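Participant: File final.cif below, mmCIF, C-alpha atoms and all ligand atoms; chains and numbers go by the auth columns:
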data_data
#
loop_
_atom_site.group_PDB
_atom_site.id
_atom_site.type_symbol
_atom_site.label_atom_id
_atom_site.label_comp_id
_atom_site.label_asym_id
_atom_site.label_seq_id
_atom_site.Cartn_x
_atom_site.Cartn_y
_atom_site.Cartn_z
_atom_site.B_iso_or_equiv
_atom_site.auth_seq_id
_atom_site.auth_asym_id
ATOM 1 C CA MET A 1 87.667 100.615 147.843 0.00 1 A
ATOM 2 C CA LYS A 2 87.844 97.172 149.382 0.00 2 A
ATOM 3 C CA TYR A 3 86.539 94.299 147.334 0.00 3 A
ATOM 4 C CA GLN A 4 84.331 91.689 148.979 0.00 4 A
ATOM 5 C CA LEU A 5 83.860 88.013 148.200 0.00 5 A
ATOM 6 C CA ILE A 6 80.687 87.734 146.105 0.00 6 A
ATOM 7 C CA GLN A 7 77.778 85.935 147.788 0.00 7 A
ATOM 8 C CA LEU A 8 76.546 82.840 145.967 0.00 8 A
ATOM 9 C CA PRO A 9 72.893 83.113 144.832 0.00 9 A
ATOM 10 C CA TYR A 10 72.357 79.420 145.792 0.00 10 A
ATOM 11 C CA GLU A 11 73.379 76.976 148.530 0.00 11 A
ATOM 12 C CA ALA A 12 76.835 75.366 148.251 0.00 12 A
ATOM 13 C CA ASN A 13 75.251 71.979 147.446 0.00 13 A
ATOM 14 C CA ALA A 14 72.646 73.349 145.000 0.00 14 A
ATOM 15 C CA LEU A 15 74.633 72.495 141.863 0.00 15 A
ATOM 16 C CA GLU A 16 75.225 68.830 142.765 0.00 16 A
ATOM 17 C CA PRO A 17 75.980 66.454 141.152 0.00 17 A
ATOM 18 C CA VAL A 18 77.356 68.717 138.385 0.00 18 A
ATOM 19 C CA ILE A 19 79.555 70.659 140.843 0.00 19 A
ATOM 20 C CA SER A 20 79.965 69.282 144.376 0.00 20 A
ATOM 21 C CA LYS A 21 79.745 71.377 147.508 0.00 21 A
ATOM 22 C CA GLU A 22 83.391 70.515 148.182 0.00 22 A
ATOM 23 C CA THR A 23 84.427 72.080 144.873 0.00 23 A
ATOM 24 C CA ILE A 24 82.296 75.148 145.639 0.00 24 A
ATOM 25 C CA ALA A 25 83.892 75.393 149.083 0.00 25 A
ATOM 26 C CA PHE A 26 87.418 75.434 147.650 0.00 26 A
ATOM 27 C CA HIS A 27 86.690 77.329 144.439 0.00 27 A
ATOM 28 C CA HIS A 28 84.575 80.099 145.954 0.00 28 A
ATOM 29 C CA GLY A 29 85.732 80.035 149.568 0.00 29 A
ATOM 30 C CA LYS A 30 89.483 79.592 148.995 0.00 30 A
ATOM 31 C CA HIS A 31 90.499 80.437 145.416 0.00 31 A
ATOM 32 C CA LEU A 32 88.189 83.405 144.831 0.00 32 A
ATOM 33 C CA GLN A 33 88.700 84.652 148.399 0.00 33 A
ATOM 34 C CA GLY A 34 92.430 84.552 147.715 0.00 34 A
ATOM 35 C CA TYR A 35 92.085 86.720 144.609 0.00 35 A
ATOM 36 C CA VAL A 36 89.971 89.203 146.607 0.00 36 A
ATOM 37 C CA ASN A 37 92.535 89.374 149.418 0.00 37 A
ATOM 38 C CA ASN A 38 95.435 89.728 146.962 0.00 38 A
ATOM 39 C CA LEU A 39 93.742 92.507 144.979 0.00 39 A
ATOM 40 C CA ASN A 40 92.829 94.473 148.097 0.00 40 A
ATOM 41 C CA ALA A 41 96.445 94.307 149.261 0.00 41 A
ATOM 42 C CA ALA A 42 97.837 95.206 145.831 0.00 42 A
ATOM 43 C CA ILE A 43 95.672 98.273 145.118 0.00 43 A
ATOM 44 C CA GLU A 44 95.921 99.939 148.514 0.00 44 A
ATOM 45 C CA GLY A 45 97.274 103.445 148.023 0.00 45 A
ATOM 46 C CA THR A 46 97.446 103.143 144.222 0.00 46 A
ATOM 47 C CA LYS A 47 95.483 104.713 141.368 0.00 47 A
ATOM 48 C CA TYR A 48 93.465 101.484 141.146 0.00 48 A
ATOM 49 C CA GLU A 49 91.984 101.895 144.614 0.00 49 A
ATOM 50 C CA ASP A 50 88.829 103.702 143.430 0.00 50 A
ATOM 51 C CA MET A 51 88.641 102.320 139.895 0.00 51 A
ATOM 52 C CA PRO A 52 85.721 100.069 138.862 0.00 52 A
ATOM 53 C CA LEU A 53 86.725 96.421 138.490 0.00 53 A
ATOM 54 C CA GLU A 54 86.255 96.352 134.698 0.00 54 A
ATOM 55 C CA GLU A 55 88.467 99.413 134.326 0.00 55 A
ATOM 56 C CA ILE A 56 91.211 97.746 136.347 0.00 56 A
ATOM 57 C CA VAL A 57 90.965 94.686 134.074 0.00 57 A
ATOM 58 C CA LYS A 58 91.173 96.898 130.968 0.00 58 A
ATOM 59 C CA THR A 59 94.159 98.953 132.148 0.00 59 A
ATOM 60 C CA ALA A 60 96.284 97.094 134.719 0.00 60 A
ATOM 61 C CA ASP A 61 98.995 94.494 134.260 0.00 61 A
ATOM 62 C CA GLY A 62 100.958 92.124 136.487 0.00 62 A
ATOM 63 C CA GLY A 63 99.528 91.048 139.812 0.00 63 A
ATOM 64 C CA VAL A 64 96.834 93.729 139.893 0.00 64 A
ATOM 65 C CA PHE A 65 95.519 92.570 136.524 0.00 65 A
ATOM 66 C CA ASN A 66 95.717 88.872 137.406 0.00 66 A
ATOM 67 C CA ASN A 67 93.717 89.206 140.612 0.00 67 A
ATOM 68 C CA ALA A 68 91.202 91.728 139.236 0.00 68 A
ATOM 69 C CA GLY A 69 90.667 89.593 136.144 0.00 69 A
ATOM 70 C CA GLN A 70 90.055 86.506 138.236 0.00 70 A
ATOM 71 C CA ILE A 71 87.535 88.350 140.428 0.00 71 A
ATOM 72 C CA LEU A 72 85.620 89.624 137.376 0.00 72 A
ATOM 73 C CA ASN A 73 85.733 86.185 135.740 0.00 73 A
ATOM 74 C CA HIS A 74 84.558 84.331 138.844 0.00 74 A
ATOM 75 C CA ASN A 75 81.826 86.868 139.671 0.00 75 A
ATOM 76 C CA LEU A 76 80.319 86.258 136.223 0.00 76 A
ATOM 77 C CA TYR A 77 80.900 82.497 136.521 0.00 77 A
ATOM 78 C CA PHE A 78 79.373 81.893 139.950 0.00 78 A
ATOM 79 C CA THR A 79 76.271 84.022 139.308 0.00 79 A
ATOM 80 C CA GLN A 80 75.257 82.259 136.060 0.00 80 A
ATOM 81 C CA PHE A 81 74.267 78.886 137.568 0.00 81 A
ATOM 82 C CA CYS A 82 71.108 77.293 138.980 0.00 82 A
ATOM 83 C CA ALA A 83 70.054 73.848 140.192 0.00 83 A
ATOM 84 C CA PRO A 84 70.507 71.134 137.510 0.00 84 A
ATOM 85 C CA LYS A 85 67.847 70.486 134.868 0.00 85 A
ATOM 86 C CA VAL A 86 68.372 67.405 132.724 0.00 86 A
ATOM 87 C CA ASP A 87 67.283 68.950 129.421 0.00 87 A
ATOM 88 C CA ASN A 88 68.226 72.544 130.158 0.00 88 A
ATOM 89 C CA GLN A 89 67.817 74.702 127.047 0.00 89 A
ATOM 90 C CA PRO A 90 68.438 78.377 126.232 0.00 90 A
ATOM 91 C CA THR A 91 65.422 80.662 126.505 0.00 91 A
ATOM 92 C CA GLY A 92 64.304 84.022 125.185 0.00 92 A
ATOM 93 C CA VAL A 93 66.458 86.265 122.998 0.00 93 A
ATOM 94 C CA ILE A 94 69.699 84.329 123.531 0.00 94 A
ATOM 95 C CA ALA A 95 67.981 81.139 122.299 0.00 95 A
ATOM 96 C CA GLN A 96 66.965 82.915 119.074 0.00 96 A
ATOM 97 C CA TRP A 97 70.419 84.412 118.552 0.00 97 A
ATOM 98 C CA ILE A 98 72.157 81.069 119.118 0.00 98 A
ATOM 99 C CA ASP A 99 69.868 79.373 116.576 0.00 99 A
ATOM 100 C CA GLN A 100 70.322 82.182 114.043 0.00 100 A
ATOM 101 C CA GLN A 101 74.086 82.525 114.400 0.00 101 A
ATOM 102 C CA PHE A 102 75.255 78.966 115.132 0.00 102 A
ATOM 103 C CA GLY A 103 72.475 76.975 113.421 0.00 103 A
ATOM 104 C CA SER A 104 71.335 75.139 116.554 0.00 104 A
ATOM 105 C CA PHE A 105 72.018 74.828 120.292 0.00 105 A
ATOM 106 C CA ASP A 106 73.816 71.535 119.595 0.00 106 A
ATOM 107 C CA ALA A 107 76.142 73.181 117.057 0.00 107 A
ATOM 108 C CA PHE A 108 76.816 75.995 119.521 0.00 108 A
ATOM 109 C CA LYS A 109 77.580 73.543 122.338 0.00 109 A
ATOM 110 C CA GLU A 110 79.929 71.605 120.078 0.00 110 A
ATOM 111 C CA GLU A 111 82.006 74.700 119.275 0.00 111 A
ATOM 112 C CA PHE A 112 81.978 75.850 122.901 0.00 112 A
ATOM 113 C CA ALA A 113 83.059 72.407 124.137 0.00 113 A
ATOM 114 C CA LYS A 114 85.842 72.201 121.541 0.00 114 A
ATOM 115 C CA LYS A 115 87.225 75.614 122.514 0.00 115 A
ATOM 116 C CA GLY A 116 87.061 74.638 126.201 0.00 116 A
ATOM 117 C CA ALA A 117 88.673 71.249 125.735 0.00 117 A
ATOM 118 C CA THR A 118 91.519 72.543 123.531 0.00 118 A
ATOM 119 C CA LEU A 119 92.490 75.548 125.652 0.00 119 A
ATOM 120 C CA PHE A 120 96.036 74.677 126.707 0.00 120 A
ATOM 121 C CA GLY A 121 96.748 75.172 130.403 0.00 121 A
ATOM 122 C CA SER A 122 94.558 77.423 132.547 0.00 122 A
ATOM 123 C CA GLY A 123 91.891 79.808 131.328 0.00 123 A
ATOM 124 C CA TRP A 124 88.289 80.335 130.350 0.00 124 A
ATOM 125 C CA VAL A 125 85.998 79.749 127.389 0.00 125 A
ATOM 126 C CA TRP A 126 83.517 82.579 126.841 0.00 126 A
ATOM 127 C CA LEU A 127 80.380 83.429 124.957 0.00 127 A
ATOM 128 C CA SER A 128 80.336 87.183 124.319 0.00 128 A
ATOM 129 C CA VAL A 129 78.543 89.637 122.082 0.00 129 A
ATOM 130 C CA ASP A 130 80.208 92.386 120.064 0.00 130 A
ATOM 131 C CA LYS A 131 78.881 95.906 119.475 0.00 131 A
ATOM 132 C CA ASP A 132 77.074 94.747 116.312 0.00 132 A
ATOM 133 C CA GLY A 133 75.156 91.960 118.075 0.00 133 A
ATOM 134 C CA LYS A 134 77.370 89.152 116.804 0.00 134 A
ATOM 135 C CA LEU A 135 77.908 86.267 119.233 0.00 135 A
ATOM 136 C CA VAL A 136 81.497 85.083 119.571 0.00 136 A
ATOM 137 C CA ILE A 137 83.106 82.167 121.415 0.00 137 A
ATOM 138 C CA THR A 138 86.651 82.836 122.593 0.00 138 A
ATOM 139 C CA GLN A 139 89.388 81.148 124.584 0.00 139 A
ATOM 140 C CA GLU A 140 90.940 83.448 127.180 0.00 140 A
ATOM 141 C CA PRO A 141 94.154 82.313 128.905 0.00 141 A
ATOM 142 C CA ASN A 142 94.748 82.677 132.636 0.00 142 A
ATOM 143 C CA ALA A 143 92.886 85.743 134.014 0.00 143 A
ATOM 144 C CA ASN A 144 91.927 87.337 130.698 0.00 144 A
ATOM 145 C CA ASN A 145 88.367 88.544 130.033 0.00 145 A
ATOM 146 C CA PRO A 146 86.642 89.506 126.751 0.00 146 A
ATOM 147 C CA VAL A 147 86.081 93.081 128.037 0.00 147 A
ATOM 148 C CA GLN A 148 89.753 93.665 127.238 0.00 148 A
ATOM 149 C CA ARG A 149 88.804 93.499 123.550 0.00 149 A
ATOM 150 C CA GLY A 150 85.569 95.463 123.743 0.00 150 A
ATOM 151 C CA LEU A 151 83.266 92.434 123.958 0.00 151 A
ATOM 152 C CA ARG A 152 80.393 92.027 126.415 0.00 152 A
ATOM 153 C CA PRO A 153 80.741 88.709 128.290 0.00 153 A
ATOM 154 C CA LEU A 154 77.569 86.607 128.553 0.00 154 A
ATOM 155 C CA LEU A 155 78.566 83.114 129.727 0.00 155 A
ATOM 156 C CA THR A 156 81.787 81.419 130.789 0.00 156 A
ATOM 157 C CA PHE A 157 83.134 77.992 131.708 0.00 157 A
ATOM 158 C CA ASP A 158 86.218 77.956 133.932 0.00 158 A
ATOM 159 C CA VAL A 159 88.796 75.449 132.673 0.00 159 A
ATOM 160 C CA TRP A 160 91.358 75.995 135.407 0.00 160 A
ATOM 161 C CA GLU A 161 91.902 72.606 137.044 0.00 161 A
ATOM 162 C CA HIS A 162 90.700 73.998 140.405 0.00 162 A
ATOM 163 C CA ALA A 163 87.211 74.284 138.862 0.00 163 A
ATOM 164 C CA TYR A 164 86.778 70.547 138.284 0.00 164 A
ATOM 165 C CA TYR A 165 89.623 68.395 139.568 0.00 165 A
ATOM 166 C CA LEU A 166 87.964 67.275 142.826 0.00 166 A
ATOM 167 C CA ASP A 167 84.890 66.043 140.923 0.00 167 A
ATOM 168 C CA TYR A 168 86.186 65.045 137.478 0.00 168 A
ATOM 169 C CA GLN A 169 89.988 64.713 137.901 0.00 169 A
ATOM 170 C CA ASN A 170 91.478 64.985 134.377 0.00 170 A
ATOM 171 C CA ARG A 171 88.128 64.618 132.558 0.00 171 A
ATOM 172 C CA ARG A 172 87.731 68.251 131.536 0.00 172 A
ATOM 173 C CA PRO A 173 85.403 67.473 128.574 0.00 173 A
ATOM 174 C CA ASP A 174 83.010 65.538 130.867 0.00 174 A
ATOM 175 C CA HIS A 175 82.897 68.471 133.263 0.00 175 A
ATOM 176 C CA LEU A 176 82.220 70.947 130.459 0.00 176 A
ATOM 177 C CA ALA A 177 79.450 68.752 129.026 0.00 177 A
ATOM 178 C CA ALA A 178 77.737 68.535 132.443 0.00 178 A
ATOM 179 C CA LEU A 179 77.769 72.304 132.994 0.00 179 A
ATOM 180 C CA TRP A 180 74.956 72.852 130.456 0.00 180 A
ATOM 181 C CA GLN A 181 72.562 71.365 133.041 0.00 181 A
ATOM 182 C CA ILE A 182 73.154 74.272 135.442 0.00 182 A
ATOM 183 C CA VAL A 183 73.331 77.320 133.155 0.00 183 A
ATOM 184 C CA ASP A 184 70.700 79.877 134.204 0.00 184 A
ATOM 185 C CA TRP A 185 69.675 81.249 130.808 0.00 185 A
ATOM 186 C CA ASP A 186 67.651 84.036 132.436 0.00 186 A
ATOM 187 C CA VAL A 187 70.947 85.385 133.770 0.00 187 A
ATOM 188 C CA VAL A 188 72.567 85.101 130.330 0.00 188 A
ATOM 189 C CA ASN A 189 69.626 86.983 128.770 0.00 189 A
ATOM 190 C CA GLY A 190 70.030 89.654 131.426 0.00 190 A
ATOM 191 C CA ARG A 191 73.619 90.239 130.281 0.00 191 A
ATOM 192 C CA LEU A 192 72.668 90.817 126.631 0.00 192 A
HETATM 193 MN MN MN B . 88.298 79.350 138.959 0.00 201 B
#
What would you get if you wrote out this structure as structure tokens?
Ligand code: MN
Facilitator:
Amino acid sequence: MKYQLIQLPYEANALEPVISKETIAFHHGKHLQGYVNNLNAAIEGTKYEDMPLEEIVKTADGGVFNNAGQILNHNLYFTQFCAPKVDNQPTGVIAQWIDQQFGSFDAFKEEFAKKGATLFGSGWVWLSVDKDGKLVITQEPNANNPVQRGLRPLLTFDVWEHAYYLDYQNRRPDHLAALWQIVDWDVVNGRL
């Protein structure tokens, strides 16, 4: 099976000023396209050719894992955003669970921001849920994804420099703080 570059559910400039259209053009059009091209080349004629993406991420290693992991990560990342809202707040079931399990949205954001800011090098900070309904925030290096440890991923911020350097240069914490304005909480609820 050939993988395709995921279509964005919004225009390239729809997330401005939080994420510029230039960053979207490089991040989606160049970086993610590169992972798609690399994976398609790497799995041709192998046992991974007809395996679902999550299964590849759970079982592969090396270049196949790296490119499959980055496709899964970016597909979840790019489909969780909407146009900015200044006081964007969680809604529905995820709002209740965040309040119950972290105390408040502010306390949750503080832990998420800390895990994102302190992740050394390239990777991702994730909100996931375990099989018992417990929310967990994890740092995942490089191309890793919480599905590797049996968690269901709900929300992720990409802390690879390619995700923010054009817009924020070295100010990773400022970028992470701004991302709350564009989280589509309906999408997060849909992943619960
Ligand atoms: Mn990325």
Participant: Using all atoms listed in the file, find each protein or nucleic acid residue lying at most 8 Å from ligand MN 201 (chain B); present the set as a PyMOL selection string.
Facilitator: chain A and resi 27-28+31-32+70+73-74+158-163
Participant: Residues picked by the PyMOL selection byres (((chain A and resi 139) around 9) and not hetatm) here, as JSON, numbers by chain?
Facilitator: {"A": [115, 116, 118, 119, 123, 124, 125, 126, 137, 138, 140, 141]}
Participant: Take CA of Asn142 in chain A and CA of Gly121 in chain A and report the distance between them in Å, one decimal.
Facilitator: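 Here the two named atoms are 8.1 Å from each other.
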Participant: Check which residues satisfy the PyMOL selection byres (((chain A and resi 149) around 12) and not hetatm) in the file shown, then give them as a list of chain:residue names.
Facilitator: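 Written out, the selection comes to A:Glu54, A:Val57, A:Lys58, A:Thr59, A:Ser128, A:Val129, A:Asp130, A:Lys131, A:Val136, A:Thr138, A:Glu140, A:Asn144, A:Asn145, A:Pro146, A:Val147, A:Gln148, A:Gly150, A:Leu151, A:Arg152, A:Pro153.
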Participant: Pull C-alpha atoms from the residues just selected and write them as a JSON list (two decimals), in the frame of the given file.
Facilitator:
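Produced file result_1.json, reproduced below:
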[["chain", "number", "residue", "atom", "x", "y", "z"],
["A", 54, "GLU", "CA", 86.26, 96.35, 134.70],
["A", 57, "VAL", "CA", 90.96, 94.69, 134.07],
["A", 58, "LYS", "CA", 91.17, 96.90, 130.97],
["A", 59, "THR", "CA", 94.16, 98.95, 132.15],
["A", 128, "SER", "CA", 80.34, 87.18, 124.32],
["A", 129, "VAL", "CA", 78.54, 89.64, 122.08],
["A", 130, "ASP", "CA", 80.21, 92.39, 120.06],
["A", 131, "LYS", "CA", 78.88, 95.91, 119.48],
["A", 136, "VAL", "CA", 81.50, 85.08, 119.57],
["A", 138, "THR", "CA", 86.65, 82.84, 122.59],
["A", 140, "GLU", "CA", 90.94, 83.45, 127.18],
["A", 144, "ASN", "CA", 91.93, 87.34, 130.70],
["A", 145, "ASN", "CA", 88.37, 88.54, 130.03],
["A", 146, "PRO", "CA", 86.64, 89.51, 126.75],
["A", 147, "VAL", "CA", 86.08, 93.08, 128.04],
["A", 148, "GLN", "CA", 89.75, 93.66, 127.24],
["A", 150, "GLY", "CA", 85.57, 95.46, 123.74],
["A", 151, "LEU", "CA", 83.27, 92.43, 123.96],
["A", 152, "ARG", "CA", 80.39, 92.03, 126.42],
["A", 153, "PRO", "CA", 80.74, 88.71, 128.29]]
Participant: Could you work out how far CA of Gly103 in chain A lies from CA of His175 in chain A, giving the answer in Å with one decimal?
Facilitator: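 Interatomic distance, CA of His175 in chain A to CA of Gly103 in chain A: 24.0 Å.
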Participant: At what distance in Å, to one decimal, does CA of Ala177 in chain A lie from CA of Gln33 in chain A?
Facilitator: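 Spanning CA of Gln33 in chain A to CA of Ala177 in chain A is a straight-line distance of 26.7 Å.
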Participant: Considering all atoms listed in the file, state which residue in the set A:Ile94, A:Ala42, A:Ala178, A:Ala25 is at the smallest distance from Leu166 in chain A.
Facilitator: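 Smallest separation from Leu166 in chain A among the options: A:Ala25.
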Participant: Do you know which residues are at most 10 Å from Lys2 in chain A counting all atoms listed in the file, after dropping those on the same chain fewer than 4 positions away, and could you put them as a list in words?
Facilitator: Val36, Asn37, Leu39, Asn40, Ala41, Ile43, Glu44, Glu49 and Asp50 of chain A
Participant: Produce the centre coordinates and the three edge lengths, each in Å to one decimal, of the box along x, y and z that contains all listed atoms of range 61-76 of chain A with 8 Å added on each side, as AutoDock Vina command-line options.
Facilitator:
--center_x 90.6 --center_y 89.4 --center_z 137.4 --size_x 36.6 --size_y 26.2 --size_z 22.4
